[in-house]
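Taking it in order: structure first as structure tokens, then the write-up.
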Amino acid sequence: MKRTILTAFAAAFVSVAQSGPTEVLFNFDTEDFTSPVSADGVLKLARLFTEEGVTAHFVTVGYMARAFVQRGRWDVIEALKPHLRLNHTISHSVHPNLLEISDVEDFDAAYDAVLAREAESIGMVEAATGVDRVWGSVPPGNSDSYVAFYVYARLGLPFYCGAWFAEETPGEDVWFCNLRQVPYGLTWEEFIEKDAKYDPDDFLNRLAKTKRSIVYCHPNKVHAREFWDELNFKGENRHKWGEWEISPQRSPEEVETYLGRIRELVRRIKGDPRFRITTLAEIDSTRKPRRALTRSDVPAVRASLSASFGPVREPGSWSLSDCFVAAVRFLRGEKSYMPVMAYGFLEKPRGVASPVKVSRRDLVAAAKAMDVSRFLPASVRIGEIEIGPADFLFAALETLETGAEEVTVAPREQLGGFGPFPFLAKMCYAGTWLHSPEFKDKYLSDRMRWQIWTLRYE
């Protein structure tokens, strides 16, 4: 996955109130299909964790899974059997990469392109490594595409594992774009070099400050000194297909030292009461059933949103999108709404600039005319005026609770405060990671921000 922001996020972890031991997961970003030697790193790590009785997650690029078969690495495929699999996109850094194909105005065109690639990737991983379930997806580098989020959710992946929710909500169970977010944290690679400071006590003390974290590394780095994708795909496809630049390799002694440190830390985590090793499969088994919104919940929802315009925690876990769709359905006369897929916006929401009065009759008419099956409207026509989606939501809740025939809509923030998620407010992908200079991030960062209405807590 190789993302420089991970180190910064991990360093920013803060102590959180713990009701139990830190939940620890182990991920291995299995991605370097350019070098045959990289499979040896996968083999060594898979066998190490099997010997230690620990189930890990191998985050596998589609082309890497295919390479196992093409190169006859049945030993690797056999070694992976006790462990779980995640998707790591079909081709990782190859241009056009995930963000580069997602950054178009036409969402449906972007969705179809991402779906074709990622469905194939998941199929490759399942077929090549012999699993019937891929538990989630992990972005390569800082390649968080809102388009891919909706694709993964439709494909039935329950988790998205990355760094972007780690800084402000370590271990918090957050859903965004219909995927449960689990943060990456510390990396074994901070002590991979022979002259690196290796302080296992410090490593474990930092890990214990989180509620839940993924400890990770890249199997190709077991042997390689440099990252394969920087050598071959930084800014462009630097070589003809198959004529790859291979990283200088570590000595056998360096490899054994690194693997020995990982084994020691795994054993210490296993024996330390501050930690509990878990898996995504186990976490998924604790998923809480969704609660329907009913007309009787309107006062509680209205009070919650008036106090803090963001996800509702009680009496149910509901996103702003859930509340908006429920309000539309209640105005149509329906009595309840069971949330399904939540959607945000493709355009920046536009609210009123000054107070206006709207009638219940016009709100009902707008609700009956509104399509809420996918992305929400950036503005809503009420009679002869346009109001914002937040304006509509508060007006709908007021008339539903009070029965008022006319309500006043006042100017307000339409997206809500980003609160504990300021990274959404400052997100910008252009000029970062290995992306092509032609990648301008015309749509992705803004549209990721505009999905904040899908956010909710477990």
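A note on labels: chains of the structure tokens are A, B, ... as shown, every chain counts residues from 1, and ligands are counted from 1 in their shown order.
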
I'd like a table as CSV: residues in region 358-455 of chain A with an atom no more than 10 Å from region 137-146 of chain A, each row giving the shortest atom pair and its distance in Å to one decimal, only C-alpha atoms counted, sorted by chain and rising residue number.
```
residue,atom,partner,partner_atom,distance
A:Cys428,CA,A:Asn142,CA,10.0
A:Tyr429,CA,A:Asn142,CA,7.5
A:Thr432,CA,A:Asn142,CA,7.9
A:Trp433,CA,A:Gly141,CA,6.4
A:Leu434,CA,A:Gly141,CA,7.9
A:His435,CA,A:Ser143,CA,9.1
A:Tyr443,CA,A:Tyr146,CA,9.9
A:Leu444,CA,A:Ser145,CA,6.6
A:Ser445,CA,A:Ser145,CA,8.4
A:Asp446,CA,A:Tyr146,CA,9.8
A:Arg447,CA,A:Tyr146,CA,7.1
A:Met448,CA,A:Tyr146,CA,5.5
A:Arg449,CA,A:Tyr146,CA,9.2
A:Trp450,CA,A:Tyr146,CA,9.6
A:Gln451,CA,A:Tyr146,CA,7.9
```

Next, write the just-selected residues to a file, as a PDB file, in the first residue's frame, keeping C-alpha atoms as the atom set.
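Output file again04.pdb follows:
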```
ATOM      1  CA  CYS A 428      -6.512  17.182  -2.144  1.00  0.00           C
ATOM      2  CA  TYR A 429      -5.011  14.371  -4.236  1.00  0.00           C
ATOM      3  CA  THR A 432       0.611  13.441  -4.525  1.00  0.00           C
ATOM      4  CA  TRP A 433       1.815   9.837  -4.356  1.00  0.00           C
ATOM      5  CA  LEU A 434       2.665   8.313  -7.759  1.00  0.00           C
ATOM      6  CA  HIS A 435      -0.190   9.918  -9.683  1.00  0.00           C
ATOM      7  CA  TYR A 443     -13.847  16.016  -9.003  1.00  0.00           C
ATOM      8  CA  LEU A 444     -12.568  13.414  -6.545  1.00  0.00           C
ATOM      9  CA  SER A 445     -11.607  15.405  -3.451  1.00  0.00           C
ATOM     10  CA  ASP A 446     -14.652  17.656  -3.616  1.00  0.00           C
ATOM     11  CA  ARG A 447     -17.026  14.780  -4.191  1.00  0.00           C
ATOM     12  CA  MET A 448     -15.435  12.808  -1.349  1.00  0.00           C
ATOM     13  CA  ARG A 449     -16.228  15.746   0.937  1.00  0.00           C
ATOM     14  CA  TRP A 450     -19.780  15.847  -0.382  1.00  0.00           C
ATOM     15  CA  GLN A 451     -20.326  12.239   0.748  1.00  0.00           C
TER      16      GLN A 451
END
```

Inset, instruction - Enumerate as JSON, numbers by chain all residues of region 104-353 of chain A assigned to strand (DSSP E or B) by DSSP on the backbone, naming them with the chain letters and numbers the document uses. - result: {"A": [136, 137, 159, 160, 161, 162, 174, 175, 176, 179, 180, 181, 182, 183, 184, 185, 186, 187, 212, 213, 214, 215, 216, 217, 224, 249, 275, 276, 277, 293, 294, 312, 318, 336, 337]}

Dump of C-alpha atoms for the selected residues, as a compact mmCIF listing (two decimals), in the first residue's frame:
```
# COMPACT_ATOMS: atom_id res chain seq x y z
CA GLY A 136 -12.76 -5.65 2.07
CA SER A 137 -10.55 -3.38 0.09
CA PHE A 159 -14.79 -3.23 5.12
CA TYR A 160 -12.49 -0.53 3.84
CA CYS A 161 -9.09 -0.38 5.51
CA GLY A 162 -6.94 2.71 5.19
CA VAL A 174 -17.25 4.60 11.39
CA TRP A 175 -19.28 3.85 8.26
CA PHE A 176 -18.68 6.02 5.22
CA LEU A 179 -18.32 0.68 4.11
CA ARG A 180 -17.10 0.06 7.66
CA GLN A 181 -13.78 1.83 8.08
CA VAL A 182 -10.87 0.21 9.93
CA PRO A 183 -7.66 2.24 10.26
CA TYR A 184 -4.15 1.20 9.40
CA GLY A 185 -1.70 2.07 12.16
CA LEU A 186 1.86 1.01 12.96
CA THR A 187 4.12 -0.68 10.45
CA ARG A 212 -8.18 -0.85 17.34
CA SER A 213 -5.39 -0.81 14.81
CA ILE A 214 -3.98 -2.68 11.85
CA VAL A 215 -0.27 -3.46 12.05
CA TYR A 216 1.03 -3.93 8.54
CA CYS A 217 3.90 -4.25 6.11
CA ALA A 224 13.54 -5.51 -1.69
CA GLN A 249 17.84 -7.07 -2.65
CA PHE A 275 -3.97 -6.62 23.33
CA ARG A 276 -6.46 -8.93 21.70
CA ILE A 277 -5.73 -10.22 18.20
CA LEU A 293 -36.56 5.08 11.24
CA THR A 294 -40.21 5.58 12.10
CA VAL A 312 -27.47 10.49 14.73
CA TRP A 318 -28.37 6.98 11.14
CA SER A 336 -41.13 3.85 8.43
CA TYR A 337 -37.91 3.64 6.46
```

With only C-alpha atoms counted and 8 Å as the cut-off, give the residues of region 121-179 of chain A in contact with region 100-113 of chain A, each with its shortest interatomic distance in Å and the pair that gives it, as a tab-separated table.
```
residue	atom	partner	partner_atom	distance
A:Ser145	CA	A:Ser102	CA	6.8
A:Val147	CA	A:Tyr111	CA	5.8
A:Ala148	CA	A:Tyr111	CA	7.3
A:Val151	CA	A:Tyr111	CA	6.8
```

Legend entry - Å distance separating CA of Leu320 (chain A) from CA of Ile452 (chain A), one decimal place: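 Between CA of Leu320 (chain A) and CA of Ile452 (chain A) the gap works out to 8.3 Å.
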
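Atom pair CA of Glu256 (chain A) / CA of Glu52 (chain A): separated by 16.3 Å.
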
Within 9 Å of region 375-388 of chain A, counting only C-alpha atoms, which residues show up once you throw out same-chain ones fewer than 3 positions away? Write them as an mmCIF file with C-alpha atoms, in the first residue's frame, please.
```cif
data_model
loop_
_atom_site.group_PDB
_atom_site.id
_atom_site.type_symbol
_atom_site.label_atom_id
_atom_site.label_comp_id
_atom_site.auth_asym_id
_atom_site.auth_seq_id
_atom_site.Cartn_x
_atom_site.Cartn_y
_atom_site.Cartn_z
ATOM 1 C CA SER A 321 -28.600 10.754 4.200
ATOM 2 C CA PHE A 324 -33.151 12.917 4.634
ATOM 3 C CA VAL A 325 -34.589 9.927 2.778
ATOM 4 C CA ALA A 342 -26.754 5.900 1.657
ATOM 5 C CA TYR A 343 -25.693 8.490 -0.923
ATOM 6 C CA GLY A 344 -24.204 11.958 -0.663
ATOM 7 C CA PHE A 345 -23.996 14.628 -3.369
ATOM 8 C CA LEU A 346 -22.372 15.022 -6.770
ATOM 9 C CA GLU A 347 -22.618 18.817 -6.547
ATOM 10 C CA LYS A 348 -21.982 21.133 -3.610
ATOM 11 C CA PRO A 349 -25.265 21.722 -1.768
ATOM 12 C CA ARG A 350 -26.727 25.215 -2.118
ATOM 13 C CA GLY A 351 -28.821 26.665 0.705
ATOM 14 C CA VAL A 352 -30.916 29.804 1.137
ATOM 15 C CA VAL A 356 -37.855 32.230 3.640
ATOM 16 C CA VAL A 358 -42.257 27.357 2.938
ATOM 17 C CA SER A 359 -45.575 25.559 3.191
ATOM 18 C CA ASP A 362 -45.081 22.500 -1.108
ATOM 19 C CA LEU A 363 -42.770 20.311 1.002
ATOM 20 C CA ALA A 365 -45.192 18.064 -3.333
ATOM 21 C CA ALA A 366 -41.385 18.300 -3.487
ATOM 22 C CA MET A 370 -37.976 13.809 -5.591
ATOM 23 C CA ASP A 371 -35.796 10.860 -6.642
ATOM 24 C CA VAL A 372 -33.867 9.697 -3.560
ATOM 25 C CA ASP A 391 -32.942 23.439 4.649
ATOM 26 C CA PHE A 392 -35.394 20.854 3.349
ATOM 27 C CA LEU A 393 -34.470 18.315 6.038
ATOM 28 C CA VAL A 409 -36.158 28.206 6.578
ATOM 29 C CA ARG A 412 -27.494 27.254 7.630
ATOM 30 C CA GLN A 414 -25.634 22.517 4.253
#
```

Inset, instruction - Kindly give the distance, in Å, that separates CA of Val125 (chain A) and CA of Asn237 (chain A), rounded to a single decimal. - result: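 A separation of 23.6 Å between them.
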
Inset, instruction - Could you give me, as a PyMOL selection string, the residues within 10 Å of Leu155 (chain A), counting only C-alpha atoms and dropping anything in the same chain fewer than 6 positions from it? - result: chain A and resi 115+118-119+122+136+149

Inset, instruction - Would you please work out which residue, of A:Val42, A:Ala430, A:Ile283, A:Leu25, is nearest to Val222 (chain A) when using only C-alpha atoms? - result: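 Ranked by minimum distance to Val222 (chain A), first place goes to A:Val42.
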
Inset, instruction - Apply DSSP to the backbone of this structure and, from region 117-365 of chain A, keep only the residues in alpha helix (DSSP H); write these as a ChimeraX atom specification. - result: /A:117-129,146-154,200-207,228-233,252-271,280-284,298-307,320-331,360-365

Inset, instruction - Please identify all polymer residues within 12 Å of Glu264 (chain A), counting only C-alpha atoms, omitting same-chain residues fewer than 3 positions from it, and present them as a PyMOL selection string. - result: chain A and resi 48-49+52+188+198-201+203-204+257-261+267-271
